[in-house]
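Have a look at the structure below before the remarks.
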Amino acid sequence: MERKLIEGDYVPDGAGGLTTLTGSEEVLARALYRLTARRGGLPFLPELGSRLYQVPREKPSVRQSLAARYVAQALEGERELKVKDVALAQTGDRAELRVQLEWQGQPLSLDLELSPREAMEVTW
């Protein structure tokens with residue numbers, strides 16, 4: 001059971017508790033956390049997270065393949081989740097990443113904005 005976060009803050013449920021996520025929302029929240037956390041950034045969980053933050057710093061010719069590799073690596077722990085497609089669109093020093101997923105036969109997608117200087121922005 002995951003708690004709902006908006007801009008880093010837990011969302012109250014209106015009854016003194018916190019909003020919980022279920023089903024595909026819960027799966028997307030876990031995937032999002034794994035994709036946006038920096039791999040190696042948590043000392044006791046060095047395998048958690050991704051290296052997607054490094055993609056904009058690489059040569060444009062290898063960014064797509066690295067993004068796909070880093071997404072697959074980050075989501076290895078989500079056994080019920082399948083990565084169907086990773087598409088990278090580059091404009092200037094920014095990169096838009098769309099990750100197509102499948103969970104229990106249901107298609108899901110995440111959009112991330114990668115920037116070499118800023119934190120990642122995410123929509124789902």
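Simple scheme: letters A, B, ... for chains in structure tokens order, numbers from 1 for residues in each chain, numbers from 1 for ligands in the order shown.
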Practice task
Within 12 Å of Arg39 (chain A), counting only C-alpha atoms, which residues show up once you throw out same-chain ones fewer than 2 positions away? Write them as a ChimeraX atom specification, please.
Solution key: /A:33-37,41-54,70-71,73-75
Exercise for the section: Output as number ranges by chain all residues of region 2-120 of chain A that backbone DSSP marks as helix (DSSP H, G or I). Expected result: A: 23-36, 52-57, 60-74
Could you write out the selected residues, including N, CA and C atoms, as a tab-separated table (two decimals), in the first residue's frame?
chain	number	residue	atom	x	y	z
A	23	GLY	N	-4.25	-0.51	-6.82
A	23	GLY	CA	-4.29	-0.92	-8.22
A	23	GLY	C	-3.21	-0.29	-9.06
A	24	SER	N	-3.59	0.16	-10.25
A	24	SER	CA	-2.61	0.69	-11.19
A	24	SER	C	-1.95	1.97	-10.68
A	25	GLU	N	-2.68	2.78	-9.88
A	25	GLU	CA	-2.07	3.98	-9.32
A	25	GLU	C	-0.91	3.63	-8.39
A	26	GLU	N	-1.09	2.58	-7.61
A	26	GLU	CA	-0.03	2.13	-6.70
A	26	GLU	C	1.18	1.64	-7.49
A	27	VAL	N	0.94	0.88	-8.54
A	27	VAL	CA	2.03	0.37	-9.38
A	27	VAL	C	2.77	1.52	-10.05
A	28	LEU	N	2.04	2.49	-10.57
A	28	LEU	CA	2.67	3.65	-11.20
A	28	LEU	C	3.49	4.46	-10.20
A	29	ALA	N	3.00	4.60	-8.98
A	29	ALA	CA	3.74	5.33	-7.96
A	29	ALA	C	5.07	4.64	-7.64
A	30	ARG	N	5.04	3.32	-7.52
A	30	ARG	CA	6.27	2.57	-7.26
A	30	ARG	C	7.24	2.70	-8.43
A	31	ALA	N	6.71	2.57	-9.65
A	31	ALA	CA	7.56	2.70	-10.84
A	31	ALA	C	8.17	4.09	-10.92
A	32	LEU	N	7.36	5.09	-10.64
A	32	LEU	CA	7.83	6.47	-10.68
A	32	LEU	C	8.95	6.69	-9.66
A	33	TYR	N	8.77	6.14	-8.47
A	33	TYR	CA	9.81	6.27	-7.45
A	33	TYR	C	11.11	5.63	-7.92
A	34	ARG	N	11.01	4.44	-8.47
A	34	ARG	CA	12.20	3.74	-8.94
A	34	ARG	C	12.89	4.48	-10.09
A	35	LEU	N	12.12	5.13	-10.94
A	35	LEU	CA	12.69	5.83	-12.09
A	35	LEU	C	13.30	7.18	-11.71
A	36	THR	N	12.76	7.84	-10.71
A	36	THR	CA	13.25	9.18	-10.37
A	36	THR	C	14.29	9.20	-9.25
A	52	LEU	N	18.74	7.49	-14.99
A	52	LEU	CA	18.15	8.33	-16.03
A	52	LEU	C	18.66	9.77	-15.98
A	53	TYR	N	19.02	10.25	-14.79
A	53	TYR	CA	19.53	11.61	-14.67
A	53	TYR	C	20.82	11.81	-15.47
A	54	GLN	N	21.50	10.73	-15.83
A	54	GLN	CA	22.74	10.82	-16.60
A	54	GLN	C	22.50	10.92	-18.10
A	55	VAL	N	21.32	10.55	-18.57
A	55	VAL	CA	21.04	10.49	-20.01
A	55	VAL	C	21.31	11.81	-20.73
A	56	PRO	N	20.83	12.97	-20.24
A	56	PRO	CA	21.07	14.21	-20.99
A	56	PRO	C	22.54	14.59	-21.12
A	57	ARG	N	23.39	14.03	-20.30
A	57	ARG	CA	24.83	14.34	-20.35
A	57	ARG	C	25.58	13.52	-21.39
A	60	PRO	N	24.14	12.49	-27.96
A	60	PRO	CA	22.78	12.29	-28.47
A	60	PRO	C	22.57	10.94	-29.15
A	61	SER	N	23.59	10.41	-29.77
A	61	SER	CA	23.45	9.15	-30.52
A	61	SER	C	23.21	7.93	-29.62
A	62	VAL	N	23.55	8.02	-28.34
A	62	VAL	CA	23.39	6.87	-27.45
A	62	VAL	C	22.31	7.06	-26.39
A	63	ARG	N	21.68	8.22	-26.37
A	63	ARG	CA	20.70	8.52	-25.32
A	63	ARG	C	19.51	7.57	-25.32
A	64	GLN	N	18.96	7.26	-26.48
A	64	GLN	CA	17.78	6.39	-26.54
A	64	GLN	C	18.08	5.01	-25.96
A	65	SER	N	19.18	4.41	-26.38
A	65	SER	CA	19.51	3.07	-25.90
A	65	SER	C	19.83	3.08	-24.40
A	66	LEU	N	20.51	4.12	-23.93
A	66	LEU	CA	20.80	4.21	-22.50
A	66	LEU	C	19.51	4.39	-21.69
A	67	ALA	N	18.61	5.22	-22.18
A	67	ALA	CA	17.34	5.43	-21.47
A	67	ALA	C	16.58	4.12	-21.34
A	68	ALA	N	16.51	3.35	-22.42
A	68	ALA	CA	15.81	2.06	-22.38
A	68	ALA	C	16.49	1.11	-21.39
A	69	ARG	N	17.81	1.09	-21.39
A	69	ARG	CA	18.55	0.22	-20.48
A	69	ARG	C	18.33	0.64	-19.02
A	70	TYR	N	18.40	1.95	-18.76
A	70	TYR	CA	18.24	2.43	-17.39
A	70	TYR	C	16.82	2.21	-16.87
A	71	VAL	N	15.81	2.34	-17.73
A	71	VAL	CA	14.43	2.08	-17.33
A	71	VAL	C	14.27	0.60	-16.96
A	72	ALA	N	14.75	-0.28	-17.82
A	72	ALA	CA	14.64	-1.72	-17.56
A	72	ALA	C	15.36	-2.09	-16.26
A	73	GLN	N	16.54	-1.53	-16.06
A	73	GLN	CA	17.32	-1.81	-14.86
A	73	GLN	C	16.58	-1.33	-13.60
A	74	ALA	N	16.01	-0.14	-13.66
A	74	ALA	CA	15.33	0.42	-12.49
A	74	ALA	C	14.07	-0.36	-12.12
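Atom pair CA of Arg38 (chain A) / CA of Gly105 (chain A) has a distance of 28.7 Å (rounded to one decimal).
A straight line drawn from CA of Gln104 (chain A) to CA of Arg79 (chain A) is 10.8 Å long.
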Exercise for the section: Name the residues of chain A that come out as strand (DSSP E) in a backbone DSSP run; write them as a PyMOL selection string. Expected result: chain A and resi 2-3+5-6+9-10+20-21+81-91+94-103+106-114+121-123
Written selection (N, CA and C atoms) as a short mmCIF file (atom, residue, chain, number, x, y, z; two decimals), in the first residue's frame:
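As written to disk, again_29.cif reads:
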data_model
loop_
_atom_site.label_atom_id
_atom_site.label_comp_id
_atom_site.auth_asym_id
_atom_site.auth_seq_id
_atom_site.Cartn_x
_atom_site.Cartn_y
_atom_site.Cartn_z
N GLU A 2 0.73 2.06 -1.01
CA GLU A 2 1.51 3.27 -1.15
C GLU A 2 0.68 4.48 -0.74
N ARG A 3 1.33 5.50 -0.26
CA ARG A 3 0.67 6.76 0.08
C ARG A 3 0.82 7.71 -1.10
N LEU A 5 1.55 11.04 -2.99
CA LEU A 5 2.41 12.21 -2.85
C LEU A 5 2.13 13.19 -3.97
N ILE A 6 2.09 14.47 -3.66
CA ILE A 6 2.03 15.51 -4.68
C ILE A 6 3.11 16.52 -4.33
N ASP A 9 4.78 16.05 -0.95
CA ASP A 9 3.97 16.08 0.26
C ASP A 9 2.90 14.99 0.22
N TYR A 10 2.67 14.37 1.37
CA TYR A 10 1.59 13.40 1.46
C TYR A 10 0.25 14.12 1.35
N THR A 20 -4.35 6.75 0.32
CA THR A 20 -3.60 5.58 -0.13
C THR A 20 -3.93 5.31 -1.59
N LEU A 21 -2.98 4.71 -2.26
CA LEU A 21 -3.14 4.34 -3.66
C LEU A 21 -3.36 2.84 -3.76
N LEU A 81 5.33 -5.97 -13.56
CA LEU A 81 5.33 -4.86 -14.50
C LEU A 81 6.25 -5.16 -15.67
N LYS A 82 5.74 -4.96 -16.89
CA LYS A 82 6.53 -5.19 -18.10
C LYS A 82 6.76 -3.87 -18.81
N VAL A 83 8.00 -3.62 -19.21
CA VAL A 83 8.32 -2.44 -20.01
C VAL A 83 8.03 -2.78 -21.46
N LYS A 84 7.09 -2.07 -22.07
CA LYS A 84 6.71 -2.32 -23.46
C LYS A 84 7.48 -1.44 -24.43
N ASP A 85 7.73 -0.17 -24.05
CA ASP A 85 8.41 0.75 -24.95
C ASP A 85 8.98 1.92 -24.14
N VAL A 86 10.11 2.41 -24.61
CA VAL A 86 10.73 3.60 -24.04
C VAL A 86 11.05 4.52 -25.21
N ALA A 87 10.46 5.70 -25.22
CA ALA A 87 10.67 6.65 -26.32
C ALA A 87 11.25 7.94 -25.77
N LEU A 88 12.33 8.40 -26.38
CA LEU A 88 13.01 9.61 -25.95
C LEU A 88 12.92 10.65 -27.06
N ALA A 89 12.37 11.82 -26.74
CA ALA A 89 12.30 12.94 -27.68
C ALA A 89 13.18 14.06 -27.13
N GLN A 90 14.12 14.53 -27.93
CA GLN A 90 15.08 15.52 -27.47
C GLN A 90 14.82 16.88 -28.12
N THR A 91 14.82 17.94 -27.29
CA THR A 91 14.73 19.31 -27.77
C THR A 91 15.74 20.14 -26.99
N ARG A 94 16.99 19.49 -23.20
CA ARG A 94 15.95 18.74 -22.49
C ARG A 94 15.58 17.48 -23.26
N ALA A 95 15.10 16.51 -22.53
CA ALA A 95 14.66 15.26 -23.15
C ALA A 95 13.36 14.84 -22.49
N GLU A 96 12.38 14.49 -23.32
CA GLU A 96 11.10 13.98 -22.85
C GLU A 96 11.12 12.46 -22.99
N LEU A 97 10.85 11.77 -21.91
CA LEU A 97 10.88 10.32 -21.92
C LEU A 97 9.48 9.79 -21.67
N ARG A 98 8.99 8.94 -22.56
CA ARG A 98 7.70 8.28 -22.37
C ARG A 98 7.97 6.79 -22.19
N VAL A 99 7.49 6.26 -21.08
CA VAL A 99 7.67 4.85 -20.76
C VAL A 99 6.30 4.17 -20.83
N GLN A 100 6.17 3.21 -21.73
CA GLN A 100 4.94 2.44 -21.88
C GLN A 100 5.12 1.13 -21.10
N LEU A 101 4.17 0.85 -20.22
CA LEU A 101 4.25 -0.31 -19.34
C LEU A 101 3.00 -1.16 -19.49
N GLU A 102 3.08 -2.39 -18.97
CA GLU A 102 1.91 -3.25 -18.90
C GLU A 102 1.88 -3.90 -17.53
N TRP A 103 0.72 -3.85 -16.89
CA TRP A 103 0.52 -4.45 -15.58
C TRP A 103 -0.79 -5.23 -15.61
N GLN A 106 -3.02 -4.58 -18.43
CA GLN A 106 -3.48 -3.19 -18.56
C GLN A 106 -2.32 -2.29 -18.98
N PRO A 107 -2.49 -1.50 -20.06
CA PRO A 107 -1.43 -0.58 -20.47
C PRO A 107 -1.36 0.63 -19.54
N LEU A 108 -0.15 1.01 -19.19
CA LEU A 108 0.11 2.17 -18.34
C LEU A 108 1.22 2.99 -18.99
N SER A 109 1.29 4.27 -18.67
CA SER A 109 2.40 5.07 -19.20
C SER A 109 2.82 6.14 -18.20
N LEU A 110 4.09 6.48 -18.29
CA LEU A 110 4.69 7.53 -17.48
C LEU A 110 5.45 8.47 -18.41
N ASP A 111 5.38 9.76 -18.16
CA ASP A 111 6.15 10.75 -18.91
C ASP A 111 7.09 11.44 -17.94
N LEU A 112 8.36 11.51 -18.32
CA LEU A 112 9.37 12.17 -17.49
C LEU A 112 10.11 13.19 -18.34
N GLU A 113 10.45 14.31 -17.75
CA GLU A 113 11.28 15.29 -18.42
C GLU A 113 12.67 15.22 -17.80
N LEU A 114 13.65 14.95 -18.64
CA LEU A 114 15.03 14.83 -18.17
C LEU A 114 15.78 16.10 -18.53
N GLU A 121 10.96 16.16 -13.99
CA GLU A 121 9.54 16.46 -13.87
C GLU A 121 8.77 15.26 -14.40
N VAL A 122 7.65 14.95 -13.76
CA VAL A 122 6.93 13.72 -14.08
C VAL A 122 5.44 13.98 -14.23
N THR A 123 4.82 13.26 -15.18
CA THR A 123 3.36 13.22 -15.27
C THR A 123 2.94 11.78 -15.50
#
